[in-house]
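Chemist: To start, I am sharing the structure in question, which I have written as structure tokens.
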Amino acid sequence: MAQKTNPFENMLEQLDAAAEIAGLDKQDYITLRYPERELTVNFPVKMDDGSIRVFTGYRVQHSTVRGPAKGGIRFHPDVDMDEVRALAAWMTFKCAVVDIPYGGAKGGVTVDPTGLSQGEIERITRGYTAKIADFIGPEKDIPATDVNTTQQMMGWIMDTYSTLAGVYSPGVVTSKPVEAGGSVGRKEATGLGVFFVTRELAKKLNMDLAKSTVAVQGFGNVGSNAAKYLYEAGAKIVAASDVSGGLYCEDGIDIPALLEHVEKHPRRLIEGYRQDGIKTTDNHGILTCKCDFLVLAALENQITEEVAKEVQAKVVVEGANGPTTFAGDKVLEERGVIACPDILTNAGGVTCSYFEWVQNLQHHYWDLETVNSNLERIMVKAFNEVYEVADELKIPMRMAAYIVALKRLIAVQKIRGIFL
Ligand SMILES: NC(=O)c1ccc[n+]([C@@H]2O[C@H](COP(=O)([O-])OP(=O)(O)OC[C@H]3O[C@@H](n4cnc5c(N)ncnc54)[C@H](O)[C@@H]3O)[C@@H](O)[C@H]2O)c1
């Protein structure tokens, strides 16, 4: 059996490779190889049947050099410290790539939320929040949604923190429902950002998005929204998958119909969707199907060395965090498959979270046009900066994105200096 890829080791390999290309000395970025703070919590939760279960959760603050730590919270059975550590580091680089004033963090609870009641999920969310409450705060560390965490759960985090602090603190967490201090456009922002980056890259590659084919792995928040915007731009979405399986249709999936199906499904899955000419396939079939753009929007370590050899897409668009292993990346590069890197591609989410936080701190709320036009401006600028470095140095976009981020991080680190 293939050895499990340690995502934090994967991140370090990417970081060191980029630093080497940029001619950086290890001393220049040594602090970024270590997370600043790590917290593990164990907390009891009363389940609906009266039993008590103890859950384990993590919160890692990788860097606060450029601003308060920022990053989502994941609920998943595979969550462990290595995963959270890697995801926290990627947040640091992502925020630096799009040049928003945040460091990086991530959190998670090791739990399979499938089959848990809303009440149980609320108590797990509140129990976790209470245990990390001293660690987070609007000026310290600001969580948000991630895999299997919802806007409603962010509302509970805001309420738990505000109650414990005795102060109304909407800015402690982002991706809240709009009624509770969330930003309009936040739910769609990551997928919309994926679309902006894909559109800009298509232009550079002289590919007509309206004549392109797309496969989407992961039809959750990021994947379904990316699919929606790409479909609206005329792209043909030939494949889509989620945890329940995959769908393939050479003539293109009717995305509005699939979105409606998912909306009505009790677990928001594509399972059971029917359309003429549609076939079912598995995860491997999605990753290796014939298409122009393969949008990855599920979990990390999907494009391994072996899978990379079979990828037929021209471009791999990383909506998910860390979906390509270091070895997989090398194979894609050798085969001329372009990888549009996560720390640029999916940065629309944290960028809109930044807008939400600014609105919360000012108690002044924006309209959708203001949110989306600012998002587009920031994403297109970041894309062009990364693309220019890649083009000038003739390096993959991932390395270019790290170099853009590293330069920003190192500049601030030098000004701040080392305490003691
Ligand atoms: N939500 C955000 O704002 C945001 C921002 C940046 C990055 N991301 C990243 O994007 C990815 C997806 O996050 P999300 O918020 O859309 O989560 P989500 O829970 O809404 O969706 C995840 C999707 O992946 C599917 N999935 C899980 N395992 C799978 C498998 N083995 N094969 C195929 N599909 C599978 C799930 O069924 C679901 O459809 C994660 O890597 C996350 O860290 C999310």
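By order in the structure tokens, chains are A, B, ...; within a chain, residues start at 1; ligands start at 1, following the order shown.
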Taking only C-alpha atoms and all ligand atoms into account, list the residues no farther than 6 Å from ligand 1, as a ChimeraX atom specification.
Modeler: /A:145-148,190,217-223,241-243,283,297-299,319-321,346,349
Chemist: Show me, as a PDB file with C-alpha atoms, in the first residue's frame, the residues that have an atom within 6 Å of Met399 of chain A when counting only C-alpha atoms, minus same-chain residues fewer than 3 positions from it.
Modeler:
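Output saved as selection00.pdb:
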```pdb
ATOM      1  CA  ALA A  18      10.534  27.839  -4.291  1.00  0.00           C
ATOM      2  CA  PRO A 396       5.660  26.516 -12.666  1.00  0.00           C
ATOM      3  CA  TYR A 402       5.408  30.852  -3.296  1.00  0.00           C
TER       4      TYR A 402
END
```
Chemist: Tell me which of A:Asp99, A:Glu83, A:Glu260, A:Glu188 sits closest to Asn372 of chain A, counting only C-alpha atoms.
Modeler: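 So, comparing all the options, the nearest one is A:Glu188.
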Chemist: Would you kindly return, as a count of residues only, each protein, DNA or RNA residue with an atom no farther than 8 Å from any atom of Glu310 of chain A, considering only C-alpha atoms and excluding same-chain residues fewer than 3 positions away?
Modeler: 3
Chemist: Select from segment 184-324 of chain A everything DSSP, run on the backbone, classes as strand (DSSP E), then give the selection as a list in words.
Modeler: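 Those in segment 184-324 of chain A that DSSP calls strand (DSSP E) are Thr213, Val214, Ala215, Val216, Gln217, Lys236, Ile237, Val238, Ala239, Ala240, Ser241, Asp242, Gly245, Gly246, Leu247, Tyr248, Lys279, Thr280, Thr281, Phe293, Leu294, Val295, Leu296, Val315, Val316, Val317 and Glu318 of chain A.
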Chemist: Keeping N, CA, C and O atoms for every residue in the selection just given, could you write it to a file as a short mmCIF file (atom, residue, chain, number, x, y, z; two decimals), in the first residue's frame?
Modeler:
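part-v4.cif written:
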```cif
data_model
loop_
_atom_site.label_atom_id
_atom_site.label_comp_id
_atom_site.auth_asym_id
_atom_site.auth_seq_id
_atom_site.Cartn_x
_atom_site.Cartn_y
_atom_site.Cartn_z
N THR A 213 -13.75 22.12 -21.99
CA THR A 213 -14.43 21.11 -21.18
C THR A 213 -13.79 21.09 -19.79
O THR A 213 -12.59 21.32 -19.64
N VAL A 214 -14.64 20.79 -18.80
CA VAL A 214 -14.21 20.88 -17.40
C VAL A 214 -14.68 19.65 -16.64
O VAL A 214 -15.81 19.21 -16.82
N ALA A 215 -13.81 19.12 -15.77
CA ALA A 215 -14.23 18.08 -14.81
C ALA A 215 -14.04 18.65 -13.41
O ALA A 215 -13.06 19.35 -13.16
N VAL A 216 -14.98 18.36 -12.52
CA VAL A 216 -14.92 18.92 -11.17
C VAL A 216 -14.93 17.80 -10.15
O VAL A 216 -15.91 17.06 -10.03
N GLN A 217 -13.84 17.67 -9.40
CA GLN A 217 -13.82 16.68 -8.31
C GLN A 217 -14.23 17.38 -7.02
O GLN A 217 -13.56 18.33 -6.58
N LYS A 236 -18.20 23.57 -20.92
CA LYS A 236 -18.99 22.34 -20.82
C LYS A 236 -18.44 21.53 -19.63
O LYS A 236 -17.28 21.13 -19.65
N ILE A 237 -19.29 21.31 -18.63
CA ILE A 237 -18.84 20.55 -17.46
C ILE A 237 -19.14 19.08 -17.76
O ILE A 237 -20.30 18.65 -17.69
N VAL A 238 -18.11 18.33 -18.12
CA VAL A 238 -18.33 16.95 -18.56
C VAL A 238 -18.35 15.94 -17.40
O VAL A 238 -18.83 14.82 -17.55
N ALA A 239 -17.79 16.35 -16.25
CA ALA A 239 -17.74 15.40 -15.12
C ALA A 239 -17.82 16.13 -13.80
O ALA A 239 -17.35 17.26 -13.66
N ALA A 240 -18.44 15.46 -12.83
CA ALA A 240 -18.53 16.01 -11.47
C ALA A 240 -18.59 14.84 -10.50
O ALA A 240 -19.12 13.78 -10.82
N SER A 241 -18.02 15.05 -9.32
CA SER A 241 -18.06 13.97 -8.33
C SER A 241 -18.20 14.54 -6.93
O SER A 241 -17.96 15.72 -6.70
N ASP A 242 -18.59 13.68 -6.02
CA ASP A 242 -18.50 13.99 -4.60
C ASP A 242 -18.28 12.69 -3.87
O ASP A 242 -17.97 11.66 -4.50
N GLY A 245 -19.80 9.48 -5.28
CA GLY A 245 -19.41 8.90 -6.58
C GLY A 245 -19.26 9.98 -7.64
O GLY A 245 -19.30 11.18 -7.33
N GLY A 246 -19.11 9.53 -8.91
CA GLY A 246 -18.86 10.49 -9.98
C GLY A 246 -19.83 10.34 -11.13
O GLY A 246 -20.42 9.29 -11.36
N LEU A 247 -20.01 11.43 -11.88
CA LEU A 247 -20.87 11.45 -13.05
C LEU A 247 -20.06 11.92 -14.25
O LEU A 247 -19.23 12.83 -14.11
N TYR A 248 -20.31 11.33 -15.43
CA TYR A 248 -19.61 11.77 -16.64
C TYR A 248 -20.64 11.88 -17.76
O TYR A 248 -21.46 10.98 -17.95
N LYS A 279 -23.26 8.97 -17.36
CA LYS A 279 -22.76 7.68 -16.86
C LYS A 279 -22.17 7.89 -15.48
O LYS A 279 -21.71 8.99 -15.18
N THR A 280 -22.13 6.81 -14.71
CA THR A 280 -21.46 6.95 -13.42
C THR A 280 -20.01 6.52 -13.56
O THR A 280 -19.66 5.70 -14.41
N THR A 281 -19.16 7.10 -12.74
CA THR A 281 -17.75 6.74 -12.75
C THR A 281 -17.22 6.85 -11.32
O THR A 281 -17.95 7.27 -10.43
N PHE A 293 -9.88 21.47 -18.40
CA PHE A 293 -9.59 21.92 -17.03
C PHE A 293 -10.11 20.88 -16.04
O PHE A 293 -11.28 20.51 -16.08
N LEU A 294 -9.23 20.43 -15.17
CA LEU A 294 -9.64 19.54 -14.08
C LEU A 294 -9.64 20.37 -12.80
O LEU A 294 -8.59 20.78 -12.31
N VAL A 295 -10.85 20.66 -12.29
CA VAL A 295 -10.97 21.46 -11.07
C VAL A 295 -11.00 20.51 -9.88
O VAL A 295 -11.89 19.67 -9.77
N LEU A 296 -10.02 20.65 -9.00
CA LEU A 296 -9.97 19.81 -7.80
C LEU A 296 -10.59 20.59 -6.65
O LEU A 296 -10.11 21.68 -6.32
N VAL A 315 -4.98 21.53 -17.89
CA VAL A 315 -4.73 22.38 -16.73
C VAL A 315 -5.39 21.76 -15.50
O VAL A 315 -6.56 21.34 -15.57
N VAL A 316 -4.66 21.70 -14.40
CA VAL A 316 -5.23 21.26 -13.13
C VAL A 316 -5.47 22.51 -12.29
O VAL A 316 -4.53 23.26 -12.00
N VAL A 317 -6.72 22.75 -11.94
CA VAL A 317 -7.09 23.97 -11.21
C VAL A 317 -7.34 23.58 -9.75
O VAL A 317 -8.29 22.86 -9.46
N GLU A 318 -6.49 24.06 -8.86
CA GLU A 318 -6.56 23.60 -7.47
C GLU A 318 -7.50 24.46 -6.61
O GLU A 318 -7.08 25.39 -5.93
#
```
Chemist: With only C-alpha atoms as the atoms that count, which of A:Val65, A:Leu368, A:Met11, A:Ile121 lies nearest to Val178 of chain A?
Modeler: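 Going through A:Val65, A:Leu368, A:Met11, A:Ile121 one by one, the smallest distance to Val178 of chain A is for A:Leu368.
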Chemist: Measuring atom to atom with only C-alpha atoms, identify which of A:Phe93, A:Phe8, A:Phe75, A:Tyr161 is nearest to Ile410 of chain A.
Modeler: A:Phe93
Chemist: Neighbouring residues of Val386 of chain A were defined as those with any atom within 8 Å, considering only C-alpha atoms; residues of the same chain fewer than 3 positions away were excluded. Please report them as a list in words.
Modeler: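 That gives Ala382, Phe383, Val389, Ala390, Met397, Ala400, Ala401 and Val404 of chain A.
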Chemist: Go ahead and write the selection's residues with C-alpha atoms as an mmCIF file, in the first residue's frame.
Modeler:
```cif
data_model
loop_
_atom_site.group_PDB
_atom_site.id
_atom_site.type_symbol
_atom_site.label_atom_id
_atom_site.label_comp_id
_atom_site.auth_asym_id
_atom_site.auth_seq_id
_atom_site.Cartn_x
_atom_site.Cartn_y
_atom_site.Cartn_z
ATOM 1 C CA ALA A 382 -2.685 38.329 -7.801
ATOM 2 C CA PHE A 383 -3.027 36.089 -10.848
ATOM 3 C CA VAL A 389 7.010 35.683 -12.199
ATOM 4 C CA ALA A 390 6.308 32.244 -13.701
ATOM 5 C CA MET A 397 2.968 28.820 -11.278
ATOM 6 C CA ALA A 400 5.965 31.593 -8.668
ATOM 7 C CA ALA A 401 3.114 31.911 -6.154
ATOM 8 C CA VAL A 404 5.501 36.212 -4.530
#
```
Chemist: Quick one: pull the distance between atom CA of Ser51 of chain A and atom CA of Val109 of chain A, Å, one decimal.
Modeler: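 Value for the atom CA of Ser51 of chain A-atom CA of Val109 of chain A distance: 18.9 Å.
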Chemist: I'd like the contact shell of segment 100-105 of chain A - 7 Å cut-off, only C-alpha atoms, skipping same-chain residues fewer than 4 positions apart - returned as an MDAnalysis selection string.
Modeler: chainID A and resid 60:71 88:89 91:92 95:96
Chemist: List the spatial neighbours of segment 34-47 of chain A as a PDB file with all heavy atoms, in the first residue's frame - criterion: any atom at most 7 Å away, only C-alpha atoms, same-chain residues fewer than 4 positions off excluded.
Modeler:
```pdb
ATOM      1  N   SER A  51     -25.209   9.378  26.016  1.00  0.00           N
ATOM      2  CA  SER A  51     -23.809   9.003  26.253  1.00  0.00           C
ATOM      3  C   SER A  51     -22.910  10.231  26.126  1.00  0.00           C
ATOM      4  O   SER A  51     -23.290  11.252  25.536  1.00  0.00           O
ATOM      5  CB  SER A  51     -23.365   7.931  25.243  1.00  0.00           C
ATOM      6  OG  SER A  51     -23.355   8.490  23.950  1.00  0.00           O
ATOM      7  N   ILE A  52     -21.686  10.114  26.681  1.00  0.00           N
ATOM      8  CA  ILE A  52     -20.720  11.202  26.560  1.00  0.00           C
ATOM      9  C   ILE A  52     -19.592  10.741  25.662  1.00  0.00           C
ATOM     10  O   ILE A  52     -19.018   9.653  25.865  1.00  0.00           O
ATOM     11  CB  ILE A  52     -20.184  11.618  27.951  1.00  0.00           C
ATOM     12  CG1 ILE A  52     -21.326  12.258  28.753  1.00  0.00           C
ATOM     13  CG2 ILE A  52     -19.011  12.606  27.814  1.00  0.00           C
ATOM     14  CD1 ILE A  52     -20.992  12.548  30.187  1.00  0.00           C
ATOM     15  N   ARG A  53     -19.287  11.557  24.638  1.00  0.00           N
ATOM     16  CA  ARG A  53     -18.148  11.240  23.770  1.00  0.00           C
ATOM     17  C   ARG A  53     -17.122  12.344  23.898  1.00  0.00           C
ATOM     18  O   ARG A  53     -17.463  13.514  24.041  1.00  0.00           O
ATOM     19  CB  ARG A  53     -18.612  11.176  22.295  1.00  0.00           C
ATOM     20  CG  ARG A  53     -18.912   9.766  21.833  1.00  0.00           C
ATOM     21  CD  ARG A  53     -19.406   9.751  20.414  1.00  0.00           C
ATOM     22  NE  ARG A  53     -18.335   9.972  19.433  1.00  0.00           N
ATOM     23  CZ  ARG A  53     -18.552  10.054  18.116  1.00  0.00           C
ATOM     24  NH1 ARG A  53     -19.769   9.941  17.645  1.00  0.00           N
ATOM     25  NH2 ARG A  53     -17.549  10.243  17.292  1.00  0.00           N
ATOM     26  N   VAL A  54     -15.841  11.956  23.876  1.00  0.00           N
ATOM     27  CA  VAL A  54     -14.789  12.965  23.944  1.00  0.00           C
ATOM     28  C   VAL A  54     -14.213  13.141  22.533  1.00  0.00           C
ATOM     29  O   VAL A  54     -13.805  12.172  21.892  1.00  0.00           O
ATOM     30  CB  VAL A  54     -13.689  12.554  24.953  1.00  0.00           C
ATOM     31  CG1 VAL A  54     -12.539  13.563  24.935  1.00  0.00           C
ATOM     32  CG2 VAL A  54     -14.278  12.448  26.354  1.00  0.00           C
ATOM     33  N   PHE A  55     -14.226  14.370  22.054  1.00  0.00           N
ATOM     34  CA  PHE A  55     -13.708  14.691  20.715  1.00  0.00           C
ATOM     35  C   PHE A  55     -12.363  15.389  20.831  1.00  0.00           C
ATOM     36  O   PHE A  55     -12.087  16.074  21.820  1.00  0.00           O
ATOM     37  CB  PHE A  55     -14.687  15.596  19.957  1.00  0.00           C
ATOM     38  CG  PHE A  55     -15.959  14.897  19.597  1.00  0.00           C
ATOM     39  CD1 PHE A  55     -17.053  14.914  20.471  1.00  0.00           C
ATOM     40  CD2 PHE A  55     -16.074  14.211  18.400  1.00  0.00           C
ATOM     41  CE1 PHE A  55     -18.225  14.251  20.148  1.00  0.00           C
ATOM     42  CE2 PHE A  55     -17.244  13.540  18.069  1.00  0.00           C
ATOM     43  CZ  PHE A  55     -18.321  13.567  18.942  1.00  0.00           C
ATOM     44  N   THR A  56     -11.536  15.212  19.795  1.00  0.00           N
ATOM     45  CA  THR A  56     -10.239  15.882  19.747  1.00  0.00           C
ATOM     46  C   THR A  56     -10.266  16.936  18.645  1.00  0.00           C
ATOM     47  O   THR A  56     -10.744  16.669  17.537  1.00  0.00           O
ATOM     48  CB  THR A  56      -9.118  14.854  19.465  1.00  0.00           C
ATOM     49  OG1 THR A  56      -9.135  13.887  20.526  1.00  0.00           O
ATOM     50  CG2 THR A  56      -7.746  15.518  19.416  1.00  0.00           C
ATOM     51  N   GLY A  57      -9.763  18.115  18.999  1.00  0.00           N
ATOM     52  CA  GLY A  57      -9.703  19.199  18.012  1.00  0.00           C
ATOM     53  C   GLY A  57      -8.335  19.860  18.032  1.00  0.00           C
ATOM     54  O   GLY A  57      -7.549  19.668  18.978  1.00  0.00           O
ATOM     55  N   TYR A  58      -8.045  20.606  16.978  1.00  0.00           N
ATOM     56  CA  TYR A  58      -6.740  21.272  16.849  1.00  0.00           C
ATOM     57  C   TYR A  58      -6.948  22.707  16.380  1.00  0.00           C
ATOM     58  O   TYR A  58      -7.923  23.006  15.687  1.00  0.00           O
ATOM     59  CB  TYR A  58      -5.871  20.562  15.794  1.00  0.00           C
ATOM     60  CG  TYR A  58      -5.735  19.080  16.028  1.00  0.00           C
ATOM     61  CD1 TYR A  58      -6.640  18.185  15.450  1.00  0.00           C
ATOM     62  CD2 TYR A  58      -4.719  18.575  16.831  1.00  0.00           C
ATOM     63  CE1 TYR A  58      -6.537  16.816  15.660  1.00  0.00           C
ATOM     64  CE2 TYR A  58      -4.599  17.204  17.051  1.00  0.00           C
ATOM     65  CZ  TYR A  58      -5.519  16.336  16.461  1.00  0.00           C
ATOM     66  OH  TYR A  58      -5.412  14.991  16.676  1.00  0.00           O
ATOM     67  N   ARG A  59      -6.013  23.572  16.746  1.00  0.00           N
ATOM     68  CA  ARG A  59      -5.936  24.887  16.133  1.00  0.00           C
ATOM     69  C   ARG A  59      -4.447  25.218  16.015  1.00  0.00           C
ATOM     70  O   ARG A  59      -3.706  25.133  17.006  1.00  0.00           O
ATOM     71  CB  ARG A  59      -6.645  25.946  16.987  1.00  0.00           C
ATOM     72  CG  ARG A  59      -6.735  27.326  16.322  1.00  0.00           C
ATOM     73  CD  ARG A  59      -7.750  27.383  15.209  1.00  0.00           C
ATOM     74  NE  ARG A  59      -7.677  28.615  14.433  1.00  0.00           N
ATOM     75  CZ  ARG A  59      -8.251  28.807  13.240  1.00  0.00           C
ATOM     76  NH1 ARG A  59      -8.973  27.855  12.687  1.00  0.00           N
ATOM     77  NH2 ARG A  59      -8.131  29.935  12.595  1.00  0.00           N
ATOM     78  N   VAL A  60      -4.022  25.524  14.824  1.00  0.00           N
ATOM     79  CA  VAL A  60      -2.603  25.856  14.592  1.00  0.00           C
ATOM     80  C   VAL A  60      -2.517  27.256  14.010  1.00  0.00           C
ATOM     81  O   VAL A  60      -3.225  27.581  13.052  1.00  0.00           O
ATOM     82  CB  VAL A  60      -1.946  24.843  13.615  1.00  0.00           C
ATOM     83  CG1 VAL A  60      -0.534  25.292  13.239  1.00  0.00           C
ATOM     84  CG2 VAL A  60      -1.906  23.452  14.233  1.00  0.00           C
ATOM     85  N   GLN A  61      -1.670  28.091  14.623  1.00  0.00           N
ATOM     86  CA  GLN A  61      -1.378  29.416  14.065  1.00  0.00           C
ATOM     87  C   GLN A  61       0.010  29.327  13.457  1.00  0.00           C
ATOM     88  O   GLN A  61       1.002  29.219  14.174  1.00  0.00           O
ATOM     89  CB  GLN A  61      -1.440  30.484  15.163  1.00  0.00           C
ATOM     90  CG  GLN A  61      -2.848  30.632  15.720  1.00  0.00           C
ATOM     91  CD  GLN A  61      -2.919  31.396  17.029  1.00  0.00           C
ATOM     92  OE1 GLN A  61      -1.899  31.800  17.579  1.00  0.00           O
ATOM     93  NE2 GLN A  61      -4.132  31.573  17.529  1.00  0.00           N
ATOM     94  N   HIS A  62       0.063  29.315  12.152  1.00  0.00           N
ATOM     95  CA  HIS A  62       1.365  29.146  11.491  1.00  0.00           C
ATOM     96  C   HIS A  62       2.170  30.427  11.514  1.00  0.00           C
ATOM     97  O   HIS A  62       3.368  30.420  11.803  1.00  0.00           O
ATOM     98  CB  HIS A  62       1.165  28.665  10.049  1.00  0.00           C
ATOM     99  CG  HIS A  62       2.450  28.614   9.279  1.00  0.00           C
ATOM    100  ND1 HIS A  62       2.815  29.582   8.378  1.00  0.00           N
ATOM    101  CD2 HIS A  62       3.475  27.733   9.314  1.00  0.00           C
ATOM    102  CE1 HIS A  62       4.007  29.291   7.879  1.00  0.00           C
ATOM    103  NE2 HIS A  62       4.418  28.165   8.431  1.00  0.00           N
ATOM    104  N   SER A  63       1.534  31.556  11.201  1.00  0.00           N
ATOM    105  CA  SER A  63       2.277  32.815  11.167  1.00  0.00           C
ATOM    106  C   SER A  63       1.358  33.982  11.467  1.00  0.00           C
ATOM    107  O   SER A  63       0.197  34.002  11.042  1.00  0.00           O
ATOM    108  CB  SER A  63       2.906  33.014   9.787  1.00  0.00           C
ATOM    109  OG  SER A  63       3.431  34.320   9.676  1.00  0.00           O
ATOM    110  N   GLU A 120     -26.232  17.668  18.016  1.00  0.00           N
ATOM    111  CA  GLU A 120     -24.902  17.128  18.334  1.00  0.00           C
ATOM    112  C   GLU A 120     -23.809  17.978  17.666  1.00  0.00           C
ATOM    113  O   GLU A 120     -22.787  18.288  18.286  1.00  0.00           O
ATOM    114  CB  GLU A 120     -24.817  15.665  17.883  1.00  0.00           C
ATOM    115  CG  GLU A 120     -25.640  14.739  18.786  1.00  0.00           C
ATOM    116  CD  GLU A 120     -25.783  13.312  18.237  1.00  0.00           C
ATOM    117  OE1 GLU A 120     -25.742  13.107  17.006  1.00  0.00           O
ATOM    118  OE2 GLU A 120     -25.962  12.398  19.061  1.00  0.00           O
ATOM    119  N   ARG A 123     -23.349  21.139  19.598  1.00  0.00           N
ATOM    120  CA  ARG A 123     -22.629  20.973  20.871  1.00  0.00           C
ATOM    121  C   ARG A 123     -21.142  20.710  20.632  1.00  0.00           C
ATOM    122  O   ARG A 123     -20.295  21.165  21.395  1.00  0.00           O
ATOM    123  CB  ARG A 123     -23.292  19.866  21.706  1.00  0.00           C
ATOM    124  CG  ARG A 123     -24.697  20.271  22.180  1.00  0.00           C
ATOM    125  CD  ARG A 123     -25.249  19.349  23.248  1.00  0.00           C
ATOM    126  NE  ARG A 123     -25.542  17.996  22.794  1.00  0.00           N
ATOM    127  CZ  ARG A 123     -26.635  17.610  22.126  1.00  0.00           C
ATOM    128  NH1 ARG A 123     -27.569  18.491  21.813  1.00  0.00           N
ATOM    129  NH2 ARG A 123     -26.816  16.346  21.782  1.00  0.00           N
ATOM    130  N   ILE A 124     -20.816  19.989  19.544  1.00  0.00           N
ATOM    131  CA  ILE A 124     -19.400  19.764  19.219  1.00  0.00           C
ATOM    132  C   ILE A 124     -18.754  21.117  18.855  1.00  0.00           C
ATOM    133  O   ILE A 124     -17.656  21.448  19.314  1.00  0.00           O
ATOM    134  CB  ILE A 124     -19.236  18.754  18.057  1.00  0.00           C
ATOM    135  CG1 ILE A 124     -19.765  17.381  18.467  1.00  0.00           C
ATOM    136  CG2 ILE A 124     -17.771  18.642  17.625  1.00  0.00           C
ATOM    137  CD1 ILE A 124     -19.904  16.378  17.317  1.00  0.00           C
ATOM    138  N   GLY A 127     -18.416  23.184  21.995  1.00  0.00           N
ATOM    139  CA  GLY A 127     -17.409  22.612  22.902  1.00  0.00           C
ATOM    140  C   GLY A 127     -16.004  22.918  22.410  1.00  0.00           C
ATOM    141  O   GLY A 127     -15.118  23.310  23.184  1.00  0.00           O
ATOM    142  N   TYR A 128     -15.796  22.771  21.129  1.00  0.00           N
ATOM    143  CA  TYR A 128     -14.493  23.055  20.508  1.00  0.00           C
ATOM    144  C   TYR A 128     -14.163  24.546  20.666  1.00  0.00           C
ATOM    145  O   TYR A 128     -13.063  24.923  21.063  1.00  0.00           O
ATOM    146  CB  TYR A 128     -14.553  22.639  19.035  1.00  0.00           C
ATOM    147  CG  TYR A 128     -13.391  23.102  18.188  1.00  0.00           C
ATOM    148  CD1 TYR A 128     -12.116  22.567  18.370  1.00  0.00           C
ATOM    149  CD2 TYR A 128     -13.566  24.072  17.203  1.00  0.00           C
ATOM    150  CE1 TYR A 128     -11.053  22.989  17.575  1.00  0.00           C
ATOM    151  CE2 TYR A 128     -12.512  24.481  16.409  1.00  0.00           C
ATOM    152  CZ  TYR A 128     -11.248  23.945  16.602  1.00  0.00           C
ATOM    153  OH  TYR A 128     -10.205  24.368  15.823  1.00  0.00           O
ATOM    154  N   LYS A 131     -13.070  25.608  24.085  1.00  0.00           N
ATOM    155  CA  LYS A 131     -11.704  25.162  24.423  1.00  0.00           C
ATOM    156  C   LYS A 131     -10.623  25.987  23.702  1.00  0.00           C
ATOM    157  O   LYS A 131      -9.492  26.063  24.166  1.00  0.00           O
ATOM    158  CB  LYS A 131     -11.526  23.674  24.049  1.00  0.00           C
ATOM    159  CG  LYS A 131     -12.112  22.745  25.085  1.00  0.00           C
ATOM    160  CD  LYS A 131     -11.173  22.587  26.283  1.00  0.00           C
ATOM    161  CE  LYS A 131     -11.616  21.495  27.228  1.00  0.00           C
ATOM    162  NZ  LYS A 131     -12.187  21.997  28.488  1.00  0.00           N
TER     163      LYS A 131
END
```
Chemist: Select, from A:Gly328, A:Gln152, A:Glu376, A:Gln302, the residue with the minimum atom-to-atom distance to Gly119 of chain A, counting only C-alpha atoms.
Modeler: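 Closest candidate: A:Gln152.
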